[in-house]
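Next up, data10.cif (mmCIF, C-alpha atoms):
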```cif
data_entry
#
loop_
_atom_site.label_atom_id
_atom_site.label_comp_id
_atom_site.auth_asym_id
_atom_site.auth_seq_id
_atom_site.Cartn_x
_atom_site.Cartn_y
_atom_site.Cartn_z
CA MET E 19 0.00 0.00 0.00
CA ALA E 20 1.35 3.41 -0.95
CA LYS E 21 2.54 5.63 1.84
CA ALA E 22 0.59 8.89 1.89
CA GLY E 23 1.46 12.44 2.71
CA ILE E 24 5.17 12.77 1.92
CA TYR E 25 5.86 16.39 1.09
CA PHE E 26 9.01 17.04 -0.94
CA ASP E 27 8.03 20.45 -2.35
CA ASN E 28 9.43 22.73 0.33
CA ALA E 29 10.87 25.19 -2.21
CA ALA E 30 7.29 25.98 -3.23
CA SER E 31 6.01 26.41 0.31
CA THR E 32 6.50 24.88 3.74
CA ARG E 33 4.29 23.55 6.48
CA VAL E 34 3.88 26.16 9.21
CA ASP E 35 5.75 25.09 12.32
CA PRO E 36 3.39 24.58 15.31
CA ARG E 37 5.60 26.90 17.36
CA VAL E 38 4.97 29.61 14.78
CA VAL E 39 1.21 29.04 14.91
CA ALA E 40 1.29 29.35 18.71
CA ALA E 41 3.15 32.66 18.47
CA MET E 42 0.59 34.04 15.99
CA LEU E 43 -2.64 33.10 17.77
CA PRO E 44 -2.73 36.00 20.28
CA TYR E 45 -2.57 38.45 17.37
CA PHE E 46 -5.81 37.07 15.95
CA GLU E 47 -7.69 36.79 19.23
CA GLU E 48 -6.30 39.39 21.66
CA PHE E 49 -3.99 41.96 20.05
CA TYR E 50 -6.00 42.59 16.91
CA GLY E 51 -5.79 46.36 16.57
CA ASN E 52 -4.47 48.35 13.62
CA ALA E 53 -0.89 49.42 14.27
CA SER E 54 -1.71 52.88 12.90
CA SER E 55 -4.56 53.52 15.33
CA LEU E 56 -4.00 55.85 18.30
CA HIS E 57 -6.04 53.98 20.93
CA ILE E 58 -4.74 51.26 23.27
CA PHE E 59 -5.49 48.48 20.76
CA GLY E 60 -3.43 50.29 18.15
CA GLU E 61 -0.62 50.93 20.63
CA GLN E 62 -0.46 47.22 21.48
CA ALA E 63 -0.35 46.30 17.80
CA ARG E 64 2.29 48.93 17.05
CA GLU E 65 4.47 47.72 19.92
CA ALA E 66 4.27 44.14 18.62
CA LEU E 67 5.05 45.33 15.09
CA GLU E 68 8.13 47.27 16.11
CA ASN E 69 9.33 44.53 18.47
CA SER E 70 9.10 42.11 15.53
CA ARG E 71 11.04 44.51 13.33
CA GLN E 72 13.76 44.84 15.98
CA LYS E 73 14.02 41.05 16.36
CA LEU E 74 14.29 40.42 12.63
CA ALA E 75 16.83 43.21 12.23
CA ALA E 76 18.97 41.70 14.99
CA LEU E 77 18.82 38.30 13.30
CA LEU E 78 19.99 39.83 10.01
CA GLY E 79 22.56 42.17 11.48
CA ALA E 80 20.62 45.18 10.20
CA LYS E 81 19.00 48.28 11.68
CA ALA E 82 15.27 48.11 12.40
CA GLU E 83 14.59 51.09 10.15
CA GLU E 84 16.22 49.23 7.25
CA LEU E 85 13.40 46.65 7.13
CA VAL E 86 10.11 47.07 5.29
CA PHE E 87 7.49 44.37 5.78
CA THR E 88 5.69 43.32 2.58
CA SER E 89 3.25 40.69 1.36
CA GLY E 90 6.06 38.36 0.27
CA GLY E 91 8.92 37.77 -2.13
CA THR E 92 7.15 38.89 -5.30
CA GLU E 93 6.20 42.26 -3.86
CA SER E 94 9.65 42.79 -2.34
CA ASN E 95 11.36 42.01 -5.65
CA ASN E 96 9.03 44.31 -7.57
CA PHE E 97 9.60 47.04 -4.99
CA ALA E 98 13.38 46.66 -5.19
CA LEU E 99 13.66 46.80 -8.98
CA LYS E 100 10.98 49.35 -9.77
CA GLY E 101 11.67 51.49 -6.72
CA ILE E 102 15.39 51.73 -7.48
CA ALA E 103 14.78 52.25 -11.20
CA TYR E 104 12.41 55.18 -10.74
CA ALA E 105 14.27 56.82 -7.87
CA ASN E 106 17.60 56.72 -9.74
CA ARG E 107 16.64 57.19 -13.37
CA GLY E 108 18.37 60.58 -13.37
CA GLN E 109 21.67 58.75 -12.85
CA GLY E 110 21.01 55.99 -15.37
CA ARG E 111 18.53 53.55 -16.84
CA HIS E 112 20.58 50.35 -17.00
CA LEU E 113 19.97 47.28 -14.81
CA ILE E 114 21.74 43.90 -14.73
CA VAL E 115 20.11 40.60 -13.76
CA SER E 116 20.93 36.96 -14.41
CA GLN E 117 19.10 34.77 -16.90
CA ILE E 118 17.95 32.41 -14.12
CA GLU E 119 16.18 34.87 -11.85
CA HIS E 120 12.70 34.17 -10.51
CA ASP E 121 9.88 35.14 -12.86
CA CYS E 122 8.90 38.14 -10.70
CA ILE E 123 12.35 39.64 -11.36
CA LEU E 124 12.30 38.83 -15.07
CA GLU E 125 8.76 40.09 -15.56
CA SER E 126 9.60 43.30 -13.67
CA CYS E 127 12.55 43.75 -16.03
CA ARG E 128 10.35 43.25 -19.08
CA TRP E 129 7.97 45.88 -17.73
CA LEU E 130 10.83 48.29 -17.00
CA ALA E 131 12.14 47.77 -20.53
CA LYS E 132 8.81 49.03 -21.84
CA GLU E 133 9.23 52.07 -19.61
CA GLY E 134 12.54 52.99 -21.23
CA PHE E 135 15.04 51.11 -19.08
CA GLU E 136 17.71 48.85 -20.54
CA ILE E 137 18.31 45.39 -19.10
CA THR E 138 21.38 43.18 -19.41
CA TYR E 139 20.68 39.49 -18.79
CA LEU E 140 23.87 37.79 -17.63
CA PRO E 141 24.36 34.22 -18.87
CA VAL E 142 25.28 31.40 -16.49
CA ASP E 143 27.44 28.32 -16.87
CA GLY E 144 26.28 24.71 -16.92
CA GLU E 145 25.83 24.73 -13.15
CA GLY E 146 23.89 27.99 -13.07
CA LEU E 147 26.72 30.22 -11.83
CA ILE E 148 27.32 33.69 -13.19
CA ASP E 149 30.81 34.72 -14.29
CA LEU E 150 32.16 37.50 -12.05
CA GLN E 151 34.34 39.00 -14.76
CA SER E 152 31.37 39.09 -17.11
CA LEU E 153 29.41 40.94 -14.42
CA ALA E 154 32.19 43.49 -13.93
CA ASN E 155 32.49 43.99 -17.70
CA SER E 156 28.72 44.54 -18.00
CA ILE E 157 28.59 47.43 -15.52
CA ARG E 158 28.40 50.78 -17.30
CA LYS E 159 28.39 54.41 -16.24
CA ASP E 160 24.59 54.40 -16.42
CA THR E 161 24.13 51.14 -14.47
CA ILE E 162 22.01 51.75 -11.37
CA LEU E 163 21.25 48.24 -10.09
CA VAL E 164 22.51 44.66 -10.19
CA SER E 165 20.03 42.02 -9.02
CA ILE E 166 21.34 38.46 -8.66
CA MET E 167 19.49 35.84 -6.62
CA HIS E 168 21.38 34.22 -3.74
CA ALA E 169 20.16 30.70 -4.56
CA ASN E 170 18.13 29.45 -7.48
CA ASN E 171 14.66 28.13 -6.77
CA GLU E 172 14.81 25.36 -9.40
CA ILE E 173 18.33 23.94 -9.40
CA GLY E 174 19.57 25.16 -6.01
CA THR E 175 22.71 26.94 -7.29
CA ILE E 176 24.25 29.26 -4.68
CA GLU E 177 25.66 32.38 -6.30
CA PRO E 178 28.79 34.12 -4.91
CA ILE E 179 26.93 37.12 -3.53
CA GLU E 180 29.81 38.34 -1.36
CA GLU E 181 32.01 38.72 -4.44
CA ILE E 182 29.12 40.19 -6.43
CA GLY E 183 28.49 42.71 -3.68
CA LYS E 184 32.15 43.78 -3.65
CA ILE E 185 32.14 44.29 -7.42
CA CYS E 186 29.01 46.43 -7.16
CA ARG E 187 30.45 48.40 -4.25
CA ASP E 188 33.67 49.06 -6.21
CA HIS E 189 31.57 50.36 -9.12
CA GLN E 190 29.18 52.34 -6.87
CA VAL E 191 26.18 50.39 -8.14
CA TYR E 192 23.35 49.17 -5.92
CA PHE E 193 23.22 45.41 -5.37
CA HIS E 194 19.95 43.57 -4.67
CA THR E 195 19.66 39.86 -3.98
CA ASP E 196 16.57 37.67 -3.85
CA ALA E 197 17.26 35.44 -0.83
CA CYS E 198 13.85 33.79 -0.55
CA GLN E 199 15.27 30.30 -1.08
CA SER E 200 18.45 30.75 0.95
CA PHE E 201 17.32 32.72 4.01
CA GLY E 202 17.18 30.43 7.04
CA LYS E 203 19.03 27.64 5.23
CA ILE E 204 22.53 29.05 4.77
CA PRO E 205 24.30 32.05 6.38
CA ILE E 206 23.96 35.48 4.78
CA ASP E 207 26.28 38.45 5.37
CA LEU E 208 24.72 41.82 4.56
CA LYS E 209 28.08 43.60 4.40
CA ASP E 210 28.01 44.43 0.67
CA ILE E 211 24.28 44.00 0.03
CA ASP E 212 22.14 47.10 -0.48
CA LEU E 213 18.75 45.42 -0.80
CA MET E 214 17.63 41.88 0.04
CA THR E 215 14.33 40.08 -0.36
CA ILE E 216 13.21 37.47 2.17
CA ASN E 217 9.88 35.83 2.85
CA SER E 218 8.04 33.72 5.38
CA HIS E 219 6.43 30.73 3.74
CA LYS E 220 9.75 29.21 2.64
CA ILE E 221 10.92 29.00 6.28
CA TYR E 222 7.91 27.33 8.00
CA GLY E 223 6.06 30.60 8.50
CA PRO E 224 2.70 31.83 7.16
CA LYS E 225 2.05 32.81 3.55
CA GLY E 226 1.47 36.39 2.51
CA VAL E 227 4.30 38.09 4.41
CA GLY E 228 7.91 38.97 3.66
CA ALA E 229 10.38 41.81 3.96
CA LEU E 230 12.76 43.95 1.96
CA PHE E 231 16.03 45.00 3.55
CA ILE E 232 16.93 48.48 2.29
CA ARG E 233 20.31 49.72 3.49
CA GLU E 234 20.26 53.14 5.08
CA GLY E 235 20.97 55.78 2.45
CA VAL E 236 19.71 53.76 -0.52
CA LYS E 237 17.57 55.94 -2.78
CA ILE E 238 14.31 54.10 -3.50
CA ALA E 239 10.84 55.24 -4.50
CA PRO E 240 7.70 53.79 -2.85
CA TRP E 241 5.87 51.50 -5.23
CA GLN E 242 2.65 51.07 -3.27
CA HIS E 243 0.86 54.28 -2.31
CA GLY E 244 -1.79 54.97 0.30
CA GLY E 245 -1.65 55.78 3.99
CA GLY E 246 2.12 55.97 4.30
CA HIS E 247 2.74 52.85 6.35
CA GLU E 248 6.21 51.36 6.93
CA GLY E 249 7.85 54.76 7.22
CA GLY E 250 6.16 55.94 4.03
CA ARG E 251 7.83 53.22 1.97
CA ARG E 252 5.04 50.67 1.69
CA SER E 253 1.43 51.68 2.24
CA SER E 254 -1.03 49.04 3.50
CA THR E 255 -2.11 47.96 6.95
CA GLU E 256 0.58 45.63 8.25
CA ASN E 257 -0.28 41.92 8.50
CA LEU E 258 0.56 41.72 12.21
CA PRO E 259 -0.20 38.01 12.84
CA GLY E 260 1.79 37.16 9.71
CA ILE E 261 4.72 39.37 10.71
CA VAL E 262 4.85 37.87 14.21
CA GLY E 263 4.79 34.40 12.67
CA PHE E 264 7.43 35.32 10.09
CA VAL E 265 9.83 36.57 12.75
CA LYS E 266 9.24 33.53 14.96
CA ALA E 267 9.93 31.28 11.96
CA ALA E 268 13.14 33.19 11.23
CA GLU E 269 14.26 32.87 14.85
CA LEU E 270 13.74 29.11 14.79
CA CYS E 271 15.53 28.65 11.46
CA LEU E 272 18.57 30.66 12.47
CA GLU E 273 18.80 28.98 15.87
CA GLU E 274 18.95 25.57 14.18
CA ILE E 275 20.65 26.55 10.91
CA GLU E 276 23.89 24.54 11.13
CA LYS E 277 22.33 21.39 12.53
CA GLU E 278 19.51 21.46 10.00
CA ARG E 279 21.81 22.34 7.10
CA LYS E 280 23.91 19.24 7.77
CA ARG E 281 20.86 16.99 8.20
CA LEU E 282 19.22 18.18 4.98
CA ALA E 283 22.48 18.03 3.02
CA ALA E 284 22.92 14.38 4.05
CA LEU E 285 19.40 13.54 2.84
CA ARG E 286 19.96 15.51 -0.36
CA ASP E 287 23.23 13.74 -1.12
CA ARG E 288 21.60 10.38 -0.45
CA VAL E 289 18.88 11.07 -3.00
CA ILE E 290 21.39 12.30 -5.60
CA ALA E 291 23.87 9.46 -5.12
CA GLN E 292 21.32 6.65 -5.19
CA ALA E 293 19.29 8.07 -8.06
CA LEU E 294 22.38 8.49 -10.23
CA ALA E 295 23.80 5.11 -9.26
CA ASN E 296 20.61 3.06 -9.63
CA MET E 297 18.88 4.75 -12.58
CA GLU E 298 20.76 4.70 -15.87
CA THR E 299 18.90 7.64 -17.40
CA ALA E 300 19.15 9.96 -14.38
CA TYR E 301 21.26 13.13 -14.40
CA LEU E 302 21.62 16.05 -12.00
CA ASN E 303 20.79 19.62 -12.94
CA GLY E 304 22.89 22.16 -11.09
CA PRO E 305 26.07 21.79 -9.03
CA ARG E 306 27.01 19.06 -6.56
CA GLU E 307 28.80 21.39 -4.15
CA LYS E 308 27.55 24.99 -4.47
CA ARG E 309 23.97 23.89 -3.89
CA LEU E 310 21.23 24.53 -1.35
CA PRO E 311 21.25 21.78 1.29
CA ASN E 312 17.65 20.80 0.58
CA ASN E 313 17.54 20.92 -3.24
CA VAL E 314 17.68 18.04 -5.73
CA ASN E 315 16.84 18.55 -9.41
CA LEU E 316 16.90 15.40 -11.52
CA GLY E 317 16.40 14.91 -15.22
CA PHE E 318 15.84 11.54 -16.90
CA HIS E 319 17.06 11.17 -20.48
CA GLY E 320 14.18 10.47 -22.78
CA ARG E 321 11.53 11.22 -20.15
CA GLU E 322 11.77 15.02 -19.85
CA ALA E 323 8.71 15.60 -22.02
CA ASP E 324 6.60 13.62 -19.56
CA ALA E 325 7.87 15.23 -16.35
CA VAL E 326 4.29 16.03 -15.37
CA GLY E 327 3.36 12.37 -15.85
CA LEU E 328 6.17 11.40 -13.47
CA LEU E 329 4.98 13.96 -10.94
CA LEU E 330 1.43 12.61 -11.11
CA LYS E 331 2.60 9.01 -10.76
CA LEU E 332 4.62 9.93 -7.67
CA ASN E 333 1.53 11.68 -6.38
CA ASP E 334 -0.30 8.35 -6.74
CA PHE E 335 2.40 6.90 -4.48
CA GLY E 336 1.65 9.64 -1.95
CA ILE E 337 4.72 11.78 -2.71
CA ALA E 338 4.51 15.49 -3.55
CA VAL E 339 7.29 16.90 -5.72
CA SER E 340 7.39 19.51 -8.49
CA THR E 341 8.70 19.90 -12.02
CA GLY E 342 10.15 23.35 -11.39
CA SER E 343 9.08 26.69 -9.99
CA ALA E 344 5.59 26.62 -8.47
CA CYS E 345 5.10 30.14 -9.83
CA SER E 346 5.50 29.01 -13.44
CA SER E 347 4.02 25.51 -13.37
CA ASN E 348 1.94 26.14 -16.49
CA ARG E 349 4.93 26.91 -18.69
CA LYS E 350 6.05 24.46 -21.32
CA SER E 351 9.75 24.69 -20.52
CA SER E 352 12.08 26.02 -17.85
CA HIS E 353 14.05 29.19 -18.56
CA VAL E 354 16.53 28.03 -15.91
CA LEU E 355 17.19 24.68 -17.60
CA LYS E 356 17.56 26.45 -20.95
CA ALA E 357 20.04 28.89 -19.44
CA ILE E 358 22.32 26.11 -18.16
CA GLY E 359 22.52 24.66 -21.66
CA LEU E 360 19.88 21.94 -21.77
CA ASN E 361 18.34 21.28 -25.16
CA PRO E 362 14.68 22.10 -25.96
CA ILE E 363 13.46 18.63 -24.96
CA GLU E 364 15.52 18.45 -21.77
CA SER E 365 14.31 21.89 -20.69
CA LEU E 366 10.68 20.74 -20.83
CA GLY E 367 10.89 19.27 -17.39
CA ALA E 368 12.83 17.85 -14.49
CA LEU E 369 11.96 16.53 -11.08
CA ARG E 370 12.56 18.99 -8.26
CA ILE E 371 12.75 17.38 -4.84
CA THR E 372 13.07 19.92 -2.03
CA LEU E 373 13.42 18.62 1.49
CA GLY E 374 12.43 20.29 4.73
CA ARG E 375 12.30 20.26 8.50
CA PHE E 376 9.61 17.62 8.76
CA ASN E 377 11.08 15.13 6.29
CA THR E 378 12.69 11.92 7.52
CA GLU E 379 15.16 9.28 6.33
CA GLU E 380 12.28 6.80 6.03
CA GLU E 381 10.50 9.11 3.61
CA VAL E 382 13.64 9.43 1.50
CA ASP E 383 14.01 5.62 1.46
CA TYR E 384 10.42 5.20 0.32
CA PHE E 385 10.88 7.81 -2.42
CA LEU E 386 14.00 6.07 -3.74
CA GLU E 387 12.17 2.75 -3.67
CA VAL E 388 9.19 3.89 -5.76
CA LEU E 389 10.95 6.36 -8.10
CA PRO E 390 12.03 3.67 -10.63
CA GLN E 391 8.48 2.30 -10.72
CA ALA E 392 7.02 5.77 -11.27
CA LEU E 393 9.55 6.54 -13.99
CA GLY E 394 8.77 3.27 -15.73
CA SER E 395 5.18 4.39 -16.25
CA THR E 396 6.10 7.59 -18.11
CA ARG E 397 6.30 8.14 -21.86
CA SER E 398 9.70 7.99 -23.57
CA VAL E 399 10.78 10.82 -25.87
CA TRP E 400 14.54 10.64 -26.34
CA SER E 401 16.25 13.97 -25.71
CA ARG E 402 19.71 13.04 -27.04
CA GLY E 403 20.53 12.20 -30.63
CA GLU E 404 22.64 9.17 -29.68
CA LYS E 405 19.55 7.52 -28.22
CA ASN E 406 17.59 7.69 -31.44
CA GLY E 407 17.44 4.46 -33.40
#
```
Written form, structure tokens:
Amino acid sequence: MAKAGIYFDNAASTRVDPRVVAAMLPYFEEFYGNASSLHIFGEQAREALENSRQKLAALLGAKAEELVFTSGGTESNNFALKGIAYANRGQGRHLIVSQIEHDCILESCRWLAKEGFEITYLPVDGEGLIDLQSLANSIRKDTILVSIMHANNEIGTIEPIEEIGKICRDHQVYFHTDACQSFGKIPIDLKDIDLMTINSHKIYGPKGVGALFIREGVKIAPWQHGGGHEGGRRSSTENLPGIVGFVKAAELCLEEIEKERKRLAALRDRVIAQALANMETAYLNGPREKRLPNNVNLGFHGREADAVGLLLKLNDFGIAVSTGSACSSNRKSSHVLKAIGLNPIESLGALRITLGRFNTEEEVDYFLEVLPQALGSTRSVWSRGEKNG
């Protein structure tokens, strides 16, 4: 009988930790005021909001006033790119991003291009890493922002953001990084980062809340207008229960970061090693070393075109995985897989297995046991010429 309820899609979203739920409950039932209100209920809410901001800032090594709470990663990324672009367009209209950024970055760039900005899309190598010299060579006198994600959401590649930050600092260009996948999983040093996106639901917190770190002195225009919340930088009544939960989730992740990183990396490496050893058609997308501790991305020669079929068969076995970014699940191919050099068939799909806090060795064993059976039920469309006839 198939084992049910194994969740290996933690890059898409995570189960909320019960300790986070417990921290949030009072802010639904007792401290439910609007943080902008002047009465006692508002004062209580405002105190909780600012305490949360102070806690998160301390965890990041930032100042409280450098944090703006948002509705999540997509809003924070839009705010960073569009806010910097419009506030600094007098100095230049050129931005640099990588070809493997999240869709919310790439779509923001496409929109900015229509508004008269120029975008350079840096290529990556076969493991998804940008070339630092290529970045330095791409910076121009009119470059105002470089945005490179810390870790890729599909193939788990960890970019060298410390070196990127130093290059940007040397050229006096703002550097933004999308750290939604890396925050809480691997250490982050803000030293040479001007803006950083983080969110809650990737770290066992609630959905619909995130933050943008904006270094003091960075010139950025508000992108959401209204009542002037968040120091006039992001109007909208703050999601206080979500923010409290987000900060509690961040505290728990950073308290346990080294222990959990090692545990997840061991499970990850077990999946990679056994899949590659026991399945002739299996191959790994992304690096072996410079990789998120919880990310596995496997392709299977000749089966890429039926990646969704493989996902559905694993679902029948009670295992939840994905074929790529949850935010672009309706697309026919992956821009990330294309960027690392996969051919048009190979880029149609891969199996993304992303592990998390609540996953066990027994679940990994069960997955490895049923994966060959699930793969055997998929359609074969050979992706490499040498396999044809």
Considering only C-alpha atoms, return as a ChimeraX atom specification whatever protein or nucleic-acid residues lie within 6 Å of range 225-227 of chain E, sequence-local ones (same chain, fewer than 5 positions apart) excluded.
/E:88-90,218-219,260
Just how far from CA of Gly223 in chain E is CA of His57 in chain E, in Å to one decimal?
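Result for CA of His57 in chain E versus CA of Gly223 in chain E: 29.1 Å, one decimal.
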Best match for closeness to Phe46 in chain E among E:Ile204, E:Ala63, E:Leu124, E:Met214, counting only C-alpha atoms
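Smallest separation from Phe46 in chain E among the options: E:Ala63.
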Where is the centre and how long are the edges: axis-aligned box on range 65-80 of chain E, 5 Å on each side, Å to one decimal, as AutoDock Vina command-line options:
```
--center_x 13.4 --center_y 43.0 --center_z 15.0 --size_x 28.3 --size_y 19.4 --size_z 19.9
```
Just how far from CA of Glu273 in chain E is CA of Ala80 in chain E, in Å to one decimal?
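Interatomic distance here is 17.3 Å.
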Distance query range 372-379 of chain E at most 6 Å, only C-alpha atoms, self and fewer than 3 positions along chain excluded, as a PyMOL selection string:
chain E and resi 26-29+312-313+382
For the residues in that selection, give me C-alpha atoms as a compact mmCIF listing (two decimals), keeping the file's coordinate frame.
```
# COMPACT_ATOMS: atom_id res chain seq x y z
CA PHE E 26 9.01 17.04 -0.94
CA ASP E 27 8.03 20.45 -2.35
CA ASN E 28 9.43 22.73 0.33
CA ALA E 29 10.87 25.19 -2.21
CA ASN E 312 17.65 20.80 0.58
CA ASN E 313 17.54 20.92 -3.24
CA VAL E 382 13.64 9.43 1.50
```
Test item: residues at most 9 Å from range 240-249 of chain E, all atoms listed in the file, excluding those fewer than 6 positions along its chain, as a VMD selection string
chain E and resid 54 83 85 to 87 96 to 98 100 to 101 105 255 to 256
Excluding Thr161 in chain E and any residue of its chain fewer than 3 positions from it, enumerate the residues within 12 Å of it, using all atoms listed in the file, and give them as a PDB file with C-alpha atoms, keeping the file's coordinate frame.
```pdb
ATOM      1  CA  ILE E 102      15.390  51.730  -7.480  1.00  0.00           C
ATOM      2  CA  ALA E 103      14.780  52.250 -11.200  1.00  0.00           C
ATOM      3  CA  ASN E 106      17.600  56.720  -9.740  1.00  0.00           C
ATOM      4  CA  ARG E 107      16.640  57.190 -13.370  1.00  0.00           C
ATOM      5  CA  GLY E 108      18.370  60.580 -13.370  1.00  0.00           C
ATOM      6  CA  GLN E 109      21.670  58.750 -12.850  1.00  0.00           C
ATOM      7  CA  GLY E 110      21.010  55.990 -15.370  1.00  0.00           C
ATOM      8  CA  ARG E 111      18.530  53.550 -16.840  1.00  0.00           C
ATOM      9  CA  HIS E 112      20.580  50.350 -17.000  1.00  0.00           C
ATOM     10  CA  LEU E 113      19.970  47.280 -14.810  1.00  0.00           C
ATOM     11  CA  ILE E 114      21.740  43.900 -14.730  1.00  0.00           C
ATOM     12  CA  VAL E 115      20.110  40.600 -13.760  1.00  0.00           C
ATOM     13  CA  PHE E 135      15.040  51.110 -19.080  1.00  0.00           C
ATOM     14  CA  GLU E 136      17.710  48.850 -20.540  1.00  0.00           C
ATOM     15  CA  ILE E 137      18.310  45.390 -19.100  1.00  0.00           C
ATOM     16  CA  THR E 138      21.380  43.180 -19.410  1.00  0.00           C
ATOM     17  CA  LEU E 153      29.410  40.940 -14.420  1.00  0.00           C
ATOM     18  CA  ALA E 154      32.190  43.490 -13.930  1.00  0.00           C
ATOM     19  CA  ASN E 155      32.490  43.990 -17.700  1.00  0.00           C
ATOM     20  CA  SER E 156      28.720  44.540 -18.000  1.00  0.00           C
ATOM     21  CA  ILE E 157      28.590  47.430 -15.520  1.00  0.00           C
ATOM     22  CA  ARG E 158      28.400  50.780 -17.300  1.00  0.00           C
ATOM     23  CA  VAL E 164      22.510  44.660 -10.190  1.00  0.00           C
ATOM     24  CA  SER E 165      20.030  42.020  -9.020  1.00  0.00           C
ATOM     25  CA  CYS E 186      29.010  46.430  -7.160  1.00  0.00           C
ATOM     26  CA  HIS E 189      31.570  50.360  -9.120  1.00  0.00           C
ATOM     27  CA  GLN E 190      29.180  52.340  -6.870  1.00  0.00           C
ATOM     28  CA  VAL E 191      26.180  50.390  -8.140  1.00  0.00           C
ATOM     29  CA  TYR E 192      23.350  49.170  -5.920  1.00  0.00           C
ATOM     30  CA  PHE E 193      23.220  45.410  -5.370  1.00  0.00           C
TER      31      PHE E 193
END
```
Residue with the minimum atom-to-atom distance to Asn95 in chain E, picked from E:Leu43, E:Ile358, E:Met167, E:Leu74 with only C-alpha atoms counted, is E:Met167
So what does the PyMOL selection byres ((chain E and resi 170) around 10) actually pick up in this one, as a PyMOL selection string?
chain E and resi 29+118-120+146-147+166-169+171-177+196-200+304+309-310+313+343+354
Counting only C-alpha atoms, figure out which residue out of E:Gly327, E:Gly60, E:Gly336, E:Gly228 gets nearest to Phe201 in chain E.
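Closest residue, counting only C-alpha atoms: E:Gly228.
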I'd like to know which of E:Ile363, E:Ala357, E:Ala300, E:Ala392 is closest to Leu330 in chain E, using only C-alpha atoms.
E:Ala392
Report as a VMD selection string the full result of the PyMOL selection byres ((chain E and resi 366) around 6) when it is applied to this structure.
chain E and resid 322 to 323 350 to 351 363 to 365 367
As a list of chain:residue names, please: the residues near Arg37 in chain E (cut-off 10 Å, all atoms listed in the file, same-chain neighbours under 3 positions excluded).
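The residues that qualify are E:Val34, E:Ala40, E:Ala41, E:Met42, E:Tyr222, E:Gly223, E:Gly263, E:Lys266, E:Ala267, E:Leu270.
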Would you mind putting back N, CA and C atoms on range 359-373 of chain E, then writing it out as a PDB file, keeping the file's coordinate frame?
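In the end it all went to part_27.pdb:
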```
ATOM      1  N   GLY E 359      22.068  25.344 -20.461  1.00  0.00           N
ATOM      2  CA  GLY E 359      22.520  24.660 -21.660  1.00  0.00           C
ATOM      3  C   GLY E 359      21.769  23.417 -22.052  1.00  0.00           C
ATOM      4  N   LEU E 360      20.652  23.123 -21.381  1.00  0.00           N
ATOM      5  CA  LEU E 360      19.880  21.940 -21.770  1.00  0.00           C
ATOM      6  C   LEU E 360      19.173  22.200 -23.089  1.00  0.00           C
ATOM      7  N   ASN E 361      18.971  21.125 -23.848  1.00  0.00           N
ATOM      8  CA  ASN E 361      18.340  21.280 -25.160  1.00  0.00           C
ATOM      9  C   ASN E 361      16.828  21.470 -25.002  1.00  0.00           C
ATOM     10  N   PRO E 362      16.113  21.793 -26.083  1.00  0.00           N
ATOM     11  CA  PRO E 362      14.680  22.100 -25.960  1.00  0.00           C
ATOM     12  C   PRO E 362      13.845  20.992 -25.340  1.00  0.00           C
ATOM     13  N   ILE E 363      14.199  19.733 -25.583  1.00  0.00           N
ATOM     14  CA  ILE E 363      13.460  18.630 -24.960  1.00  0.00           C
ATOM     15  C   ILE E 363      13.794  18.527 -23.481  1.00  0.00           C
ATOM     16  N   GLU E 364      15.081  18.574 -23.172  1.00  0.00           N
ATOM     17  CA  GLU E 364      15.520  18.450 -21.770  1.00  0.00           C
ATOM     18  C   GLU E 364      14.937  19.564 -20.908  1.00  0.00           C
ATOM     19  N   SER E 365      14.791  20.757 -21.478  1.00  0.00           N
ATOM     20  CA  SER E 365      14.310  21.890 -20.690  1.00  0.00           C
ATOM     21  C   SER E 365      12.807  21.853 -20.453  1.00  0.00           C
ATOM     22  N   LEU E 366      12.127  20.861 -21.061  1.00  0.00           N
ATOM     23  CA  LEU E 366      10.680  20.740 -20.830  1.00  0.00           C
ATOM     24  C   LEU E 366      10.349  20.369 -19.398  1.00  0.00           C
ATOM     25  N   GLY E 367      11.240  19.639 -18.746  1.00  0.00           N
ATOM     26  CA  GLY E 367      10.890  19.270 -17.390  1.00  0.00           C
ATOM     27  C   GLY E 367      11.952  18.472 -16.676  1.00  0.00           C
ATOM     28  N   ALA E 368      11.965  18.625 -15.375  1.00  0.00           N
ATOM     29  CA  ALA E 368      12.830  17.850 -14.490  1.00  0.00           C
ATOM     30  C   ALA E 368      12.059  17.641 -13.199  1.00  0.00           C
ATOM     31  N   LEU E 369      12.589  16.809 -12.364  1.00  0.00           N
ATOM     32  CA  LEU E 369      11.960  16.530 -11.080  1.00  0.00           C
ATOM     33  C   LEU E 369      12.678  17.320 -10.010  1.00  0.00           C
ATOM     34  N   ARG E 370      11.971  18.237  -9.368  1.00  0.00           N
ATOM     35  CA  ARG E 370      12.560  18.990  -8.260  1.00  0.00           C
ATOM     36  C   ARG E 370      12.078  18.410  -6.939  1.00  0.00           C
ATOM     37  N   ILE E 371      13.029  17.935  -6.157  1.00  0.00           N
ATOM     38  CA  ILE E 371      12.750  17.380  -4.840  1.00  0.00           C
ATOM     39  C   ILE E 371      13.359  18.332  -3.825  1.00  0.00           C
ATOM     40  N   THR E 372      12.539  18.982  -3.015  1.00  0.00           N
ATOM     41  CA  THR E 372      13.070  19.920  -2.030  1.00  0.00           C
ATOM     42  C   THR E 372      12.634  19.497  -0.636  1.00  0.00           C
ATOM     43  N   LEU E 373      13.634  19.195   0.170  1.00  0.00           N
ATOM     44  CA  LEU E 373      13.420  18.620   1.490  1.00  0.00           C
ATOM     45  C   LEU E 373      13.238  19.714   2.540  1.00  0.00           C
TER      46      LEU E 373
END
```
